[in-house]
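Trainee: Below is the structure I would like to discuss, written out as structure tokens.
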Amino acid sequence: MDRNGQRPLVTGNPHVRGRLALAAMALVLTGAQDPEPFTWNLATSLSPEALERRVLQAPQGTTRETEVTNVHTRVFNFDRVAFEVAFAAAPAATQYPGLCSAEVQVASFGPGGANVGGDTPVRLLMLVPSQRFAVSAADLAAGKAPTDETCKSLGPVVRRVKHPLRYFAAYGDGSWELDALDASIAIQSIRRLIPSNAPQFRCEEDGFAQFFKDIAPLCSDRNGVMAALDWTTLSHLSLRSCGERCAQIKAIFDRPAAPTSAMKVHVELSVHGIRVVNGKLENPGEIGPAWITGVFHVD
């Protein structure tokens, strides 16, 4: 924050930095000896409340849902982590148009490896707090903050069920998580590309699109594509500094009217002249170069 009250863009989420200290304390506590070794089979059999007591060593009373995920075959894991346990608090509304948030803690257990089985004892490797976001499309369009009930209705935060997760992590410079203000700035900047008088932007079609019949061309109507984007399918958001009061923004959506959710639209743009004073956006800046790209995602 400078002497005029303006803070630099993408400073990192101070709430996450505070929670990192708490997580470190929890990590020390989890070194206590438990009568039963912690295993995949045990983790998947415990209730959310029991998992909270076992992993965090004290009932937090804030966990709304949990998810146990086998990650030992994940790319770049290098046999370090066997599985993860994610704890999510109830989603809540932010003060920004359409933006919801939820507190999440992810505990990683290992070591991993090809020989890890359901009954292989593991130990806690790290406990990482984070904040995830979701967008209420109706409230975003109306320019108003959502309610807590609306945020809860958007679906699970970490628990993967029949439908894709609507809550996502958002990042800035140096892998810092975005705070709610920066996430809102990024979302509002993307929305400004939608009107017909938005600046011209480039487009690149997905190379796989030619293999699908009856799919609308991506680049013949850029503004139409932007207007048709479904904000509930937003799965990635980042805002990175590109100089003083300048931000490079990227978002990933499902492609409108696509035959498969593997077809995505990447939206990227730069915004210059953003001014934030005393925690409030005073100038949204001017949109610079922007482009959309069709991409086929393969897990």
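Here's how to read the names in the structure tokens: chain A, B, ... by the order shown, residue numbers from 1 in each chain, ligand numbers from 1 in the order shown.
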Residues within 12 Å of A:Gly110, please, as an mmCIF file with N, CA, C and O atoms, in the first residue's frame. Count only C-alpha atoms; anything in the same chain fewer than 5 positions from it doesn't count.

Mentor:
```cif
data_model
loop_
_atom_site.group_PDB
_atom_site.id
_atom_site.type_symbol
_atom_site.label_atom_id
_atom_site.label_comp_id
_atom_site.auth_asym_id
_atom_site.auth_seq_id
_atom_site.Cartn_x
_atom_site.Cartn_y
_atom_site.Cartn_z
ATOM 1 N N PHE A 38 -3.252 -44.397 10.237
ATOM 2 C CA PHE A 38 -4.117 -43.727 9.265
ATOM 3 C C PHE A 38 -3.866 -44.330 7.900
ATOM 4 O O PHE A 38 -2.720 -44.406 7.430
ATOM 5 N N THR A 39 -4.911 -44.781 7.223
ATOM 6 C CA THR A 39 -4.820 -45.432 5.925
ATOM 7 C C THR A 39 -5.921 -44.918 5.005
ATOM 8 O O THR A 39 -6.842 -44.228 5.446
ATOM 9 N N TRP A 40 -5.823 -45.288 3.736
ATOM 10 C CA TRP A 40 -6.868 -44.946 2.765
ATOM 11 C C TRP A 40 -8.204 -45.530 3.191
ATOM 12 O O TRP A 40 -9.232 -44.848 3.153
ATOM 13 N N ASN A 70 -7.561 -40.203 -4.242
ATOM 14 C CA ASN A 70 -6.346 -40.959 -4.526
ATOM 15 C C ASN A 70 -5.532 -40.208 -5.562
ATOM 16 O O ASN A 70 -5.990 -39.987 -6.680
ATOM 17 N N VAL A 71 -4.332 -39.778 -5.211
ATOM 18 C CA VAL A 71 -3.532 -38.950 -6.118
ATOM 19 C C VAL A 71 -2.163 -39.546 -6.409
ATOM 20 O O VAL A 71 -1.336 -38.896 -7.040
ATOM 21 N N HIS A 72 -1.899 -40.792 -6.006
ATOM 22 C CA HIS A 72 -0.523 -41.290 -6.141
ATOM 23 C C HIS A 72 -0.119 -41.512 -7.598
ATOM 24 O O HIS A 72 1.072 -41.607 -7.903
ATOM 25 N N ASN A 77 3.541 -36.120 -9.350
ATOM 26 C CA ASN A 77 3.478 -36.481 -7.942
ATOM 27 C C ASN A 77 4.773 -37.150 -7.499
ATOM 28 O O ASN A 77 5.212 -37.002 -6.354
ATOM 29 N N PHE A 78 5.400 -37.919 -8.408
ATOM 30 C CA PHE A 78 6.667 -38.597 -8.139
ATOM 31 C C PHE A 78 6.590 -39.491 -6.900
ATOM 32 O O PHE A 78 7.533 -39.554 -6.096
ATOM 33 N N ASP A 79 5.444 -40.167 -6.741
ATOM 34 C CA ASP A 79 5.250 -41.138 -5.657
ATOM 35 C C ASP A 79 5.373 -40.515 -4.271
ATOM 36 O O ASP A 79 5.645 -41.210 -3.289
ATOM 37 N N ARG A 80 5.189 -39.222 -4.170
ATOM 38 C CA ARG A 80 5.345 -38.565 -2.866
ATOM 39 C C ARG A 80 4.061 -38.627 -2.054
ATOM 40 O O ARG A 80 4.083 -38.907 -0.857
ATOM 41 N N VAL A 81 2.913 -38.322 -2.687
ATOM 42 C CA VAL A 81 1.630 -38.272 -1.987
ATOM 43 C C VAL A 81 0.780 -39.466 -2.389
ATOM 44 O O VAL A 81 0.656 -39.793 -3.577
ATOM 45 N N ALA A 82 0.192 -40.132 -1.403
ATOM 46 C CA ALA A 82 -0.688 -41.275 -1.670
ATOM 47 C C ALA A 82 -2.122 -40.823 -1.886
ATOM 48 O O ALA A 82 -2.779 -41.228 -2.846
ATOM 49 N N PHE A 83 -2.620 -39.962 -0.987
ATOM 50 C CA PHE A 83 -3.976 -39.442 -1.142
ATOM 51 C C PHE A 83 -4.108 -38.124 -0.396
ATOM 52 O O PHE A 83 -3.258 -37.766 0.422
ATOM 53 N N GLU A 84 -5.183 -37.412 -0.720
ATOM 54 C CA GLU A 84 -5.467 -36.129 -0.091
ATOM 55 C C GLU A 84 -6.841 -36.143 0.546
ATOM 56 O O GLU A 84 -7.747 -36.834 0.073
ATOM 57 N N VAL A 85 -6.975 -35.372 1.616
ATOM 58 C CA VAL A 85 -8.280 -35.165 2.247
ATOM 59 C C VAL A 85 -8.549 -33.661 2.225
ATOM 60 O O VAL A 85 -7.767 -32.883 2.762
ATOM 61 N N ASN A 115 3.213 -49.429 -4.549
ATOM 62 C CA ASN A 115 2.835 -50.490 -3.616
ATOM 63 C C ASN A 115 1.895 -50.027 -2.506
ATOM 64 O O ASN A 115 1.598 -50.792 -1.588
ATOM 65 N N VAL A 116 1.435 -48.791 -2.583
ATOM 66 C CA VAL A 116 0.522 -48.286 -1.560
ATOM 67 C C VAL A 116 -0.838 -48.956 -1.733
ATOM 68 O O VAL A 116 -1.412 -48.960 -2.827
ATOM 69 N N GLY A 117 -1.318 -49.542 -0.664
ATOM 70 C CA GLY A 117 -2.617 -50.201 -0.688
ATOM 71 C C GLY A 117 -3.588 -49.532 0.265
ATOM 72 O O GLY A 117 -3.257 -48.544 0.930
ATOM 73 N N THR A 120 -2.160 -49.472 3.829
ATOM 74 C CA THR A 120 -0.794 -48.999 4.032
ATOM 75 C C THR A 120 -0.796 -47.767 4.943
ATOM 76 O O THR A 120 -1.440 -46.766 4.629
ATOM 77 N N PRO A 121 -0.106 -47.811 6.080
ATOM 78 C CA PRO A 121 -0.068 -46.638 6.961
ATOM 79 C C PRO A 121 0.608 -45.450 6.272
ATOM 80 O O PRO A 121 1.601 -45.605 5.559
ATOM 81 N N VAL A 122 0.071 -44.266 6.487
ATOM 82 C CA VAL A 122 0.636 -43.045 5.912
ATOM 83 C C VAL A 122 0.749 -41.994 7.010
ATOM 84 O O VAL A 122 0.186 -42.141 8.096
ATOM 85 N N ARG A 123 1.475 -40.935 6.701
ATOM 86 C CA ARG A 123 1.614 -39.826 7.644
ATOM 87 C C ARG A 123 1.256 -38.526 6.931
ATOM 88 O O ARG A 123 1.302 -38.433 5.695
ATOM 89 N N LEU A 124 0.925 -37.522 7.710
ATOM 90 C CA LEU A 124 0.577 -36.223 7.145
ATOM 91 C C LEU A 124 1.833 -35.539 6.628
ATOM 92 O O LEU A 124 2.805 -35.368 7.350
ATOM 93 N N LEU A 125 1.811 -35.140 5.353
ATOM 94 C CA LEU A 125 2.947 -34.456 4.743
ATOM 95 C C LEU A 125 2.804 -32.945 4.799
ATOM 96 O O LEU A 125 3.771 -32.228 5.045
ATOM 97 N N MET A 126 1.592 -32.450 4.530
ATOM 98 C CA MET A 126 1.369 -31.007 4.582
ATOM 99 C C MET A 126 -0.122 -30.726 4.662
ATOM 100 O O MET A 126 -0.951 -31.544 4.272
#
```

Trainee: I need the residues of stretch 163-207 of chain A that end up classed as helix (DSSP H, G or I) by DSSP on the backbone, written out as a PyMOL selection string.

Mentor: chain A and resi 173-175+180-191+207

Trainee: Using N, CA, C and O atoms, can you export the residues from the last selection as a compact mmCIF listing (two decimals), in the first residue's frame?

Mentor:
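As a result, out.txt now contains:
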```
# COMPACT_ATOMS: atom_id res chain seq x y z
N ASP A 173 0.24 -13.56 -9.05
CA ASP A 173 1.69 -13.67 -9.19
C ASP A 173 2.29 -14.59 -8.13
O ASP A 173 1.82 -14.65 -7.00
N GLY A 174 3.32 -15.31 -8.52
CA GLY A 174 4.03 -16.15 -7.58
C GLY A 174 3.19 -17.23 -6.95
O GLY A 174 3.47 -17.68 -5.84
N SER A 175 2.15 -17.68 -7.64
CA SER A 175 1.25 -18.73 -7.18
C SER A 175 0.42 -18.31 -5.96
O SER A 175 -0.21 -19.15 -5.33
N ALA A 180 -10.68 -11.82 -2.83
CA ALA A 180 -11.98 -11.64 -3.47
C ALA A 180 -12.01 -10.40 -4.36
O ALA A 180 -12.64 -10.41 -5.43
N LEU A 181 -11.32 -9.32 -3.95
CA LEU A 181 -11.30 -8.10 -4.76
C LEU A 181 -10.63 -8.35 -6.10
O LEU A 181 -11.16 -7.97 -7.16
N ASP A 182 -9.46 -8.99 -6.10
CA ASP A 182 -8.77 -9.26 -7.35
C ASP A 182 -9.57 -10.21 -8.23
O ASP A 182 -9.61 -10.06 -9.46
N ALA A 183 -10.20 -11.23 -7.63
CA ALA A 183 -11.04 -12.15 -8.40
C ALA A 183 -12.20 -11.39 -9.04
O ALA A 183 -12.54 -11.62 -10.21
N SER A 184 -12.79 -10.46 -8.30
CA SER A 184 -13.89 -9.67 -8.84
C SER A 184 -13.42 -8.76 -9.98
O SER A 184 -14.11 -8.61 -10.99
N ILE A 185 -12.24 -8.16 -9.83
CA ILE A 185 -11.69 -7.32 -10.90
C ILE A 185 -11.52 -8.13 -12.18
O ILE A 185 -11.87 -7.68 -13.28
N ALA A 186 -11.00 -9.35 -12.04
CA ALA A 186 -10.80 -10.20 -13.22
C ALA A 186 -12.13 -10.54 -13.87
O ALA A 186 -12.27 -10.47 -15.10
N ILE A 187 -13.13 -10.90 -13.07
CA ILE A 187 -14.44 -11.28 -13.61
C ILE A 187 -15.11 -10.09 -14.29
O ILE A 187 -15.65 -10.21 -15.40
N GLN A 188 -15.06 -8.92 -13.66
CA GLN A 188 -15.68 -7.74 -14.25
C GLN A 188 -14.98 -7.33 -15.54
O GLN A 188 -15.62 -6.84 -16.49
N SER A 189 -13.67 -7.53 -15.61
CA SER A 189 -12.94 -7.20 -16.83
C SER A 189 -13.36 -8.11 -17.97
O SER A 189 -13.52 -7.66 -19.12
N ILE A 190 -13.55 -9.39 -17.69
CA ILE A 190 -14.01 -10.33 -18.72
C ILE A 190 -15.40 -9.95 -19.20
O ILE A 190 -15.68 -9.98 -20.41
N ARG A 191 -16.27 -9.54 -18.29
CA ARG A 191 -17.63 -9.16 -18.68
C ARG A 191 -17.63 -7.96 -19.61
O ARG A 191 -18.53 -7.80 -20.45
N GLY A 207 -8.42 -27.12 -32.82
CA GLY A 207 -8.11 -28.03 -33.92
C GLY A 207 -8.99 -29.27 -33.98
O GLY A 207 -9.17 -29.86 -35.05
```

Trainee: Could you check the closest approach to A:Trp231 for each of A:Tyr171, A:Phe133, A:Phe201, A:Phe296 and tell me which residue wins, using only C-alpha atoms?

Mentor: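 Comparing A:Tyr171, A:Phe133, A:Phe201, A:Phe296 against A:Trp231, the winner is A:Phe133.
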
Trainee: Could you find all residues in stretch 24-141 of chain A that DSSP calls strand (DSSP E or B) from the backbone, and write them as a PyMOL selection string?

Mentor: chain A and resi 63-70+83-89+92-93+99-110+123-135

Trainee: Counting only C-alpha atoms, figure out which residue out of A:Arg159, A:Phe208, A:Gly143, A:Cys242 gets nearest to A:Thr69.

Mentor: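 For A:Thr69, the nearest of the candidates is A:Arg159.
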
Trainee: If we count only C-alpha atoms, what is near A:Ser270 at a cut-off of 9 Å, once residues fewer than 5 positions away on the same chain are taken out, given as a list in words?

Mentor: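 Near neighbours after the sequence-gap exclusion: Ser189, Cys242, Cys246, Ala247, Gln248, Ile249, Lys250, Glu286, Ile287, Gly288, Pro289 and Ala290 of chain A.
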
Trainee: Counting only C-alpha atoms, which residue out of A:Arg222, A:Lys280, A:Lys144, A:Lys213 sits closest to A:Ile292?

Mentor: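 Of A:Arg222, A:Lys280, A:Lys144, A:Lys213, the one nearest A:Ile292, counting only C-alpha atoms, is A:Arg222.
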
Trainee: Kindly give the distance, in Å, that separates atom CA of A:Thr66 and atom CA of A:Glu177, rounded to a single decimal.

Mentor: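 Those two atoms sit 21.1 Å apart.
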
Trainee: Rounded to one decimal in Å, what is the spacing between atom CA of A:Gly98 and atom CA of A:Pro195?

Mentor: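 Atom CA of A:Pro195 lies 18.5 Å from atom CA of A:Gly98.
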
Trainee: Find the residues around A:Asp139 up to 10 Å (only C-alpha atoms counted), leave out those fewer than 2 positions away in its own chain, and share them as a ChimeraX atom specification.

Mentor: /A:96-99,135-137,141-147,150

Trainee: Based on the selection just made, write C-alpha atoms of those residues as a compact mmCIF listing (two decimals), in the first residue's frame.

Mentor:
```txt
# COMPACT_ATOMS: atom_id res chain seq x y z
CA TYR A 96 -18.76 -8.26 -4.89
CA PRO A 97 -21.27 -8.86 -7.73
CA GLY A 98 -22.03 -12.54 -8.19
CA LEU A 99 -18.96 -13.73 -6.27
CA VAL A 135 -20.00 -17.23 -9.66
CA SER A 136 -23.74 -16.74 -9.37
CA ALA A 137 -24.55 -15.79 -12.98
CA ALA A 141 -25.71 -9.96 -14.44
CA ALA A 142 -27.73 -7.89 -11.95
CA GLY A 143 -24.59 -6.30 -10.52
CA LYS A 144 -25.38 -7.34 -6.95
CA ALA A 145 -23.77 -9.46 -4.27
CA PRO A 146 -25.22 -12.96 -3.87
CA THR A 147 -26.73 -14.30 -0.67
CA THR A 150 -27.38 -18.73 -3.23
```

Trainee: Report as a ChimeraX atom specification all protein, DNA and RNA residues lying within 12 Å of A:Glu49, evaluated on only C-alpha atoms, omitting residues in the same chain fewer than 2 positions from it.

Mentor: /A:43,45-47,51-66,87-88

Trainee: A:Val295, A:Val276, A:Val128, A:Ile194: which is nearest A:Asn223, counting only C-alpha atoms?

Mentor: A:Ile194

Trainee: Tell me which of A:Ala92, A:Thr260, A:Thr73, A:Val271 sits closest to A:Gly112, counting only C-alpha atoms.

Mentor: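 Among the listed residues, the smallest separation from A:Gly112 belongs to A:Thr73.
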
Trainee: Go through A:Pro164, A:Gly243, A:Pro284, A:Pro129 one by one, measure the shortest atom-to-atom distance of each to A:Val106 using only C-alpha atoms, and give the residue with the smallest value.

Mentor: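 Checking each of A:Pro164, A:Gly243, A:Pro284, A:Pro129 against A:Val106, counting only C-alpha atoms, the winner is A:Pro129.
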